[in-house]
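Asks: My questions will all concern the structure given below.
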Amino acid sequence: MATEEWLLKAIQTGKNYEELPSRVRSILPVSEWKHRVKEYCVARGLGWGESPASQVSAEMEYYEELLRFSKHHYRLFPYHLSDYVSRVLRITPFRYYCDVLYNALKEEKQYDQIPNFTAADVKRLCGIGRNEYIEILNQCKAKKLLWRVNKGIAREFLPTEPAEIQLEP
């Protein structure tokens, strides 16, 4: 356990693999070090440029992994990274939340399993709250055989354009 804690501190301080002590390098291969650094940065939603991940992975690959992790864990859209995510990867918050909803529908998750802040952002951008989600899930399940064979039909029930955002003073 002492080695695990030491590795975590080394990742937090941004050390390179070459800066690790030789006893640690003999236990930990380079590929495992890169995997741990990338996993640490992705789990915390750090930007590629200001994190140790810039030393171990390509920018595009890192951001794709970050989005995959965020979608899988139903996290908020990474607005702090939107300059890269929206401009280069071409993923808008609306599209991101449609993918999150699609995954939740496909896995037949309850709406309550989506975290509150994410659900609030989904409601704001997509216009889908708890009742609408349940209605969409029921519509999907109404197509019994098709739903069992192809859960991809859930996409046709999701909105194609963002909801109108009402600006409040």
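Residue names in the structure tokens use chain letters A, B, ... in the order shown, residue numbers from 1 in each chain, and ligand numbers from 1 in the order shown.
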Run DSSP on the backbone and give me the residues of region 46-117 of chain A it puts in helix (DSSP H, G or I), as an MDAnalysis selection string.
Replies: chainID A and resid 52:55 59:72 79:87 93:106 111:113 116:117
Asks: If we count only C-alpha atoms and set the cut-off at 10 Å, which residues sit around region 140-157 of chain A, ignoring sequence neighbours fewer than 4 positions away in its own chain? Please answer as a ChimeraX atom specification.
Replies: /A:98-99,101-108,133-136
Asks: Keeping only N, CA, C and O atoms, write those residues as a JSON list (two decimals), in the first residue's frame.
Replies:
```json
[["chain", "number", "residue", "atom", "x", "y", "z"],
["A", 98, "CYS", "N", -27.50, 13.87, -25.23],
["A", 98, "CYS", "CA", -28.30, 12.88, -25.98],
["A", 98, "CYS", "C", -27.63, 11.51, -25.92],
["A", 98, "CYS", "O", -28.30, 10.49, -25.78],
["A", 99, "ASP", "N", -26.30, 11.48, -26.01],
["A", 99, "ASP", "CA", -25.58, 10.22, -25.89],
["A", 99, "ASP", "C", -25.72, 9.63, -24.49],
["A", 99, "ASP", "O", -25.88, 8.42, -24.33],
["A", 101, "LEU", "N", -28.27, 10.10, -22.43],
["A", 101, "LEU", "CA", -29.63, 9.58, -22.34],
["A", 101, "LEU", "C", -29.79, 8.29, -23.13],
["A", 101, "LEU", "O", -30.45, 7.35, -22.68],
["A", 102, "TYR", "N", -29.19, 8.23, -24.30],
["A", 102, "TYR", "CA", -29.26, 7.03, -25.12],
["A", 102, "TYR", "C", -28.66, 5.84, -24.38],
["A", 102, "TYR", "O", -29.24, 4.75, -24.36],
["A", 103, "ASN", "N", -27.50, 6.05, -23.76],
["A", 103, "ASN", "CA", -26.86, 4.96, -22.99],
["A", 103, "ASN", "C", -27.72, 4.54, -21.82],
["A", 103, "ASN", "O", -27.85, 3.35, -21.53],
["A", 104, "ALA", "N", -28.33, 5.50, -21.14],
["A", 104, "ALA", "CA", -29.19, 5.17, -20.00],
["A", 104, "ALA", "C", -30.42, 4.39, -20.47],
["A", 104, "ALA", "O", -30.84, 3.43, -19.82],
["A", 105, "LEU", "N", -31.00, 4.78, -21.59],
["A", 105, "LEU", "CA", -32.17, 4.08, -22.14],
["A", 105, "LEU", "C", -31.78, 2.67, -22.59],
["A", 105, "LEU", "O", -32.51, 1.70, -22.34],
["A", 106, "LYS", "N", -30.65, 2.57, -23.24],
["A", 106, "LYS", "CA", -30.19, 1.28, -23.75],
["A", 106, "LYS", "C", -29.97, 0.29, -22.61],
["A", 106, "LYS", "O", -30.27, -0.89, -22.75],
["A", 107, "GLU", "N", -29.45, 0.78, -21.50],
["A", 107, "GLU", "CA", -29.21, -0.08, -20.34],
["A", 107, "GLU", "C", -30.43, -0.18, -19.43],
["A", 107, "GLU", "O", -30.37, -0.82, -18.40],
["A", 108, "GLU", "N", -31.51, 0.50, -19.83],
["A", 108, "GLU", "CA", -32.76, 0.54, -19.06],
["A", 108, "GLU", "C", -32.53, 0.99, -17.62],
["A", 108, "GLU", "O", -33.08, 0.45, -16.68],
["A", 133, "TYR", "N", -38.52, 11.11, -19.65],
["A", 133, "TYR", "CA", -37.62, 9.95, -19.76],
["A", 133, "TYR", "C", -38.40, 8.65, -19.61],
["A", 133, "TYR", "O", -38.24, 7.72, -20.41],
["A", 134, "ILE", "N", -39.27, 8.61, -18.61],
["A", 134, "ILE", "CA", -40.08, 7.40, -18.39],
["A", 134, "ILE", "C", -41.00, 7.16, -19.58],
["A", 134, "ILE", "O", -41.17, 6.02, -20.03],
["A", 135, "GLU", "N", -41.54, 8.22, -20.14],
["A", 135, "GLU", "CA", -42.41, 8.10, -21.32],
["A", 135, "GLU", "C", -41.63, 7.55, -22.52],
["A", 135, "GLU", "O", -42.12, 6.66, -23.23],
["A", 136, "ILE", "N", -40.43, 8.03, -22.73],
["A", 136, "ILE", "CA", -39.60, 7.54, -23.84],
["A", 136, "ILE", "C", -39.25, 6.07, -23.63],
["A", 136, "ILE", "O", -39.31, 5.26, -24.57]]
```
Asks: In Å, with one decimal, what is the gap from CA of Phe117 (chain A) to CA of Val88 (chain A)?
Replies: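 Answer for the CA of Phe117 (chain A) to CA of Val88 (chain A) separation: 25.4 Å.
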Asks: For a quick check of understanding, using only C-alpha atoms, which of A:Tyr111, A:Tyr96, A:Phe69, A:Tyr17 has the smallest distance to Cys41 (chain A)?
Replies: A:Phe69
Asks: In Å, rounded to a single decimal, give me how far CA of Ser54 (chain A) is from CA of Asp121 (chain A).
Replies: 29.4 Å
Asks: Could you tell me how far CA of Met60 (chain A) sits from CA of Glu161 (chain A), in Å to one decimal place?
Replies: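 Separating CA of Glu161 (chain A) from CA of Met60 (chain A) is a distance of 26.3 Å.
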Asks: Write out as a ChimeraX atom specification each polymer residue whose atoms come within 12 Å of Arg36 (chain A), counting only C-alpha atoms; drop sequence neighbours fewer than 4 positions from it.
Replies: /A:4,7-12,17,28-32,40-43,52-53,56-57
Asks: Output all heavy atoms for every residue in that selection, as a compact mmCIF listing (two decimals), in the first residue's frame.
Replies:
```txt
# COMPACT_ATOMS: atom_id res chain seq x y z
N GLU A 4 1.56 2.21 -3.51
CA GLU A 4 0.40 2.80 -4.17
C GLU A 4 0.25 4.28 -3.81
O GLU A 4 0.00 5.11 -4.67
CB GLU A 4 -0.87 2.04 -3.80
CG GLU A 4 -0.96 0.64 -4.34
CD GLU A 4 -1.07 0.58 -5.85
OE1 GLU A 4 -1.74 1.46 -6.43
OE2 GLU A 4 -0.47 -0.33 -6.45
N LEU A 7 2.97 6.25 -5.48
CA LEU A 7 2.69 6.43 -6.91
C LEU A 7 1.65 7.52 -7.12
O LEU A 7 1.76 8.34 -8.04
CB LEU A 7 2.21 5.12 -7.52
CG LEU A 7 3.27 4.07 -7.80
CD1 LEU A 7 2.63 2.78 -8.27
CD2 LEU A 7 4.27 4.57 -8.82
N LEU A 8 0.63 7.54 -6.27
CA LEU A 8 -0.40 8.57 -6.38
C LEU A 8 0.19 9.96 -6.17
O LEU A 8 -0.11 10.88 -6.93
CB LEU A 8 -1.52 8.30 -5.37
CG LEU A 8 -2.72 9.22 -5.42
CD1 LEU A 8 -3.43 9.11 -6.77
CD2 LEU A 8 -3.68 8.91 -4.30
N LYS A 9 1.07 10.10 -5.20
CA LYS A 9 1.72 11.39 -4.96
C LYS A 9 2.64 11.77 -6.12
O LYS A 9 2.74 12.94 -6.49
CB LYS A 9 2.50 11.36 -3.65
CG LYS A 9 1.59 11.41 -2.45
CD LYS A 9 2.35 11.53 -1.16
CE LYS A 9 1.34 11.54 -0.03
NZ LYS A 9 1.91 11.75 1.26
N ALA A 10 3.30 10.78 -6.69
CA ALA A 10 4.17 11.04 -7.85
C ALA A 10 3.36 11.52 -9.04
O ALA A 10 3.77 12.44 -9.75
CB ALA A 10 4.95 9.78 -8.21
N ILE A 11 2.19 10.93 -9.24
CA ILE A 11 1.31 11.37 -10.34
C ILE A 11 0.80 12.77 -10.07
O ILE A 11 0.79 13.63 -10.96
CB ILE A 11 0.14 10.38 -10.52
CG1 ILE A 11 0.65 9.03 -11.03
CG2 ILE A 11 -0.90 10.94 -11.49
CD1 ILE A 11 -0.40 7.93 -11.02
N GLN A 12 0.40 13.06 -8.84
CA GLN A 12 -0.12 14.38 -8.48
C GLN A 12 0.93 15.47 -8.67
O GLN A 12 0.60 16.58 -9.06
CB GLN A 12 -0.61 14.39 -7.03
CG GLN A 12 -1.87 13.60 -6.83
CD GLN A 12 -2.24 13.45 -5.35
OE1 GLN A 12 -1.42 13.64 -4.47
NE2 GLN A 12 -3.48 13.08 -5.11
N TYR A 17 8.25 9.15 -15.71
CA TYR A 17 8.61 7.77 -15.37
C TYR A 17 10.10 7.68 -15.02
O TYR A 17 10.49 6.95 -14.12
CB TYR A 17 8.28 6.84 -16.54
CG TYR A 17 8.58 5.39 -16.26
CD1 TYR A 17 7.75 4.65 -15.43
CD2 TYR A 17 9.70 4.76 -16.80
CE1 TYR A 17 8.01 3.32 -15.16
CE2 TYR A 17 9.96 3.43 -16.54
CZ TYR A 17 9.11 2.72 -15.72
OH TYR A 17 9.38 1.39 -15.45
N LEU A 28 7.13 -1.56 -11.78
CA LEU A 28 6.08 -0.96 -12.60
C LEU A 28 6.57 -0.71 -14.03
O LEU A 28 7.45 0.12 -14.26
CB LEU A 28 5.66 0.37 -11.96
CG LEU A 28 4.47 1.10 -12.51
CD1 LEU A 28 3.19 0.34 -12.14
CD2 LEU A 28 4.39 2.49 -11.93
N PRO A 29 6.04 -1.42 -15.02
CA PRO A 29 6.45 -1.16 -16.41
C PRO A 29 5.94 0.20 -16.90
O PRO A 29 5.02 0.78 -16.33
CB PRO A 29 5.80 -2.29 -17.19
CG PRO A 29 4.84 -2.96 -16.29
CD PRO A 29 5.10 -2.50 -14.90
N VAL A 30 6.54 0.69 -17.95
CA VAL A 30 6.20 2.00 -18.50
C VAL A 30 4.73 2.05 -18.91
O VAL A 30 4.04 3.04 -18.66
CB VAL A 30 7.09 2.33 -19.73
CG1 VAL A 30 6.72 3.67 -20.32
CG2 VAL A 30 8.55 2.32 -19.35
N SER A 31 4.23 1.00 -19.53
CA SER A 31 2.85 0.99 -20.00
C SER A 31 1.87 1.12 -18.83
O SER A 31 0.86 1.82 -18.92
CB SER A 31 2.55 -0.28 -20.80
OG SER A 31 2.77 -1.42 -19.99
N GLU A 32 2.17 0.45 -17.72
CA GLU A 32 1.31 0.54 -16.54
C GLU A 32 1.35 1.94 -15.95
O GLU A 32 0.33 2.47 -15.50
CB GLU A 32 1.76 -0.50 -15.49
CG GLU A 32 0.97 -0.46 -14.20
CD GLU A 32 -0.48 -0.89 -14.35
OE1 GLU A 32 -0.80 -1.61 -15.32
OE2 GLU A 32 -1.31 -0.49 -13.51
N TYR A 40 -5.83 8.53 -13.79
CA TYR A 40 -5.93 9.54 -12.72
C TYR A 40 -6.46 10.87 -13.29
O TYR A 40 -7.36 11.48 -12.72
CB TYR A 40 -4.55 9.75 -12.08
CG TYR A 40 -4.49 10.89 -11.11
CD1 TYR A 40 -4.87 10.71 -9.79
CD2 TYR A 40 -4.07 12.15 -11.49
CE1 TYR A 40 -4.82 11.76 -8.88
CE2 TYR A 40 -4.02 13.21 -10.60
CZ TYR A 40 -4.39 13.00 -9.29
OH TYR A 40 -4.35 14.05 -8.41
N CYS A 41 -5.89 11.30 -14.39
CA CYS A 41 -6.27 12.59 -14.98
C CYS A 41 -7.70 12.57 -15.54
O CYS A 41 -8.44 13.52 -15.39
CB CYS A 41 -5.28 12.98 -16.07
SG CYS A 41 -3.62 13.28 -15.44
N VAL A 42 -8.06 11.46 -16.17
CA VAL A 42 -9.41 11.33 -16.74
C VAL A 42 -10.45 11.32 -15.63
O VAL A 42 -11.49 11.98 -15.73
CB VAL A 42 -9.51 10.05 -17.61
CG1 VAL A 42 -10.94 9.67 -17.88
CG2 VAL A 42 -8.77 10.25 -18.92
N ALA A 43 -10.20 10.60 -14.56
CA ALA A 43 -11.16 10.50 -13.46
C ALA A 43 -11.39 11.86 -12.80
O ALA A 43 -12.47 12.11 -12.26
CB ALA A 43 -10.68 9.50 -12.42
N PRO A 52 -0.42 15.85 -16.05
CA PRO A 52 0.64 14.91 -16.42
C PRO A 52 0.27 14.02 -17.61
O PRO A 52 1.12 13.38 -18.19
CB PRO A 52 0.85 14.05 -15.17
CG PRO A 52 0.10 14.69 -14.07
CD PRO A 52 -0.86 15.66 -14.67
N ALA A 53 -0.99 14.01 -17.98
CA ALA A 53 -1.43 13.18 -19.11
C ALA A 53 -0.79 13.62 -20.42
O ALA A 53 -0.65 12.83 -21.34
CB ALA A 53 -2.95 13.23 -19.24
N VAL A 56 2.05 11.37 -21.38
CA VAL A 56 1.86 9.94 -21.60
C VAL A 56 0.88 9.59 -22.71
O VAL A 56 0.80 8.42 -23.10
CB VAL A 56 1.42 9.22 -20.31
CG1 VAL A 56 2.49 9.35 -19.24
CG2 VAL A 56 0.09 9.72 -19.81
N SER A 57 0.11 10.55 -23.22
CA SER A 57 -0.85 10.21 -24.27
C SER A 57 -1.05 11.39 -25.22
O SER A 57 -0.76 12.53 -24.89
CB SER A 57 -2.20 9.79 -23.68
OG SER A 57 -2.84 10.89 -23.11
```
Asks: Of the candidates A:Gln166, A:Ser70, A:Gln139, A:Ser86, which one gets nearest to Arg44 (chain A) if we count only C-alpha atoms?
Replies: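 So, comparing all the options, the nearest one is A:Ser70.
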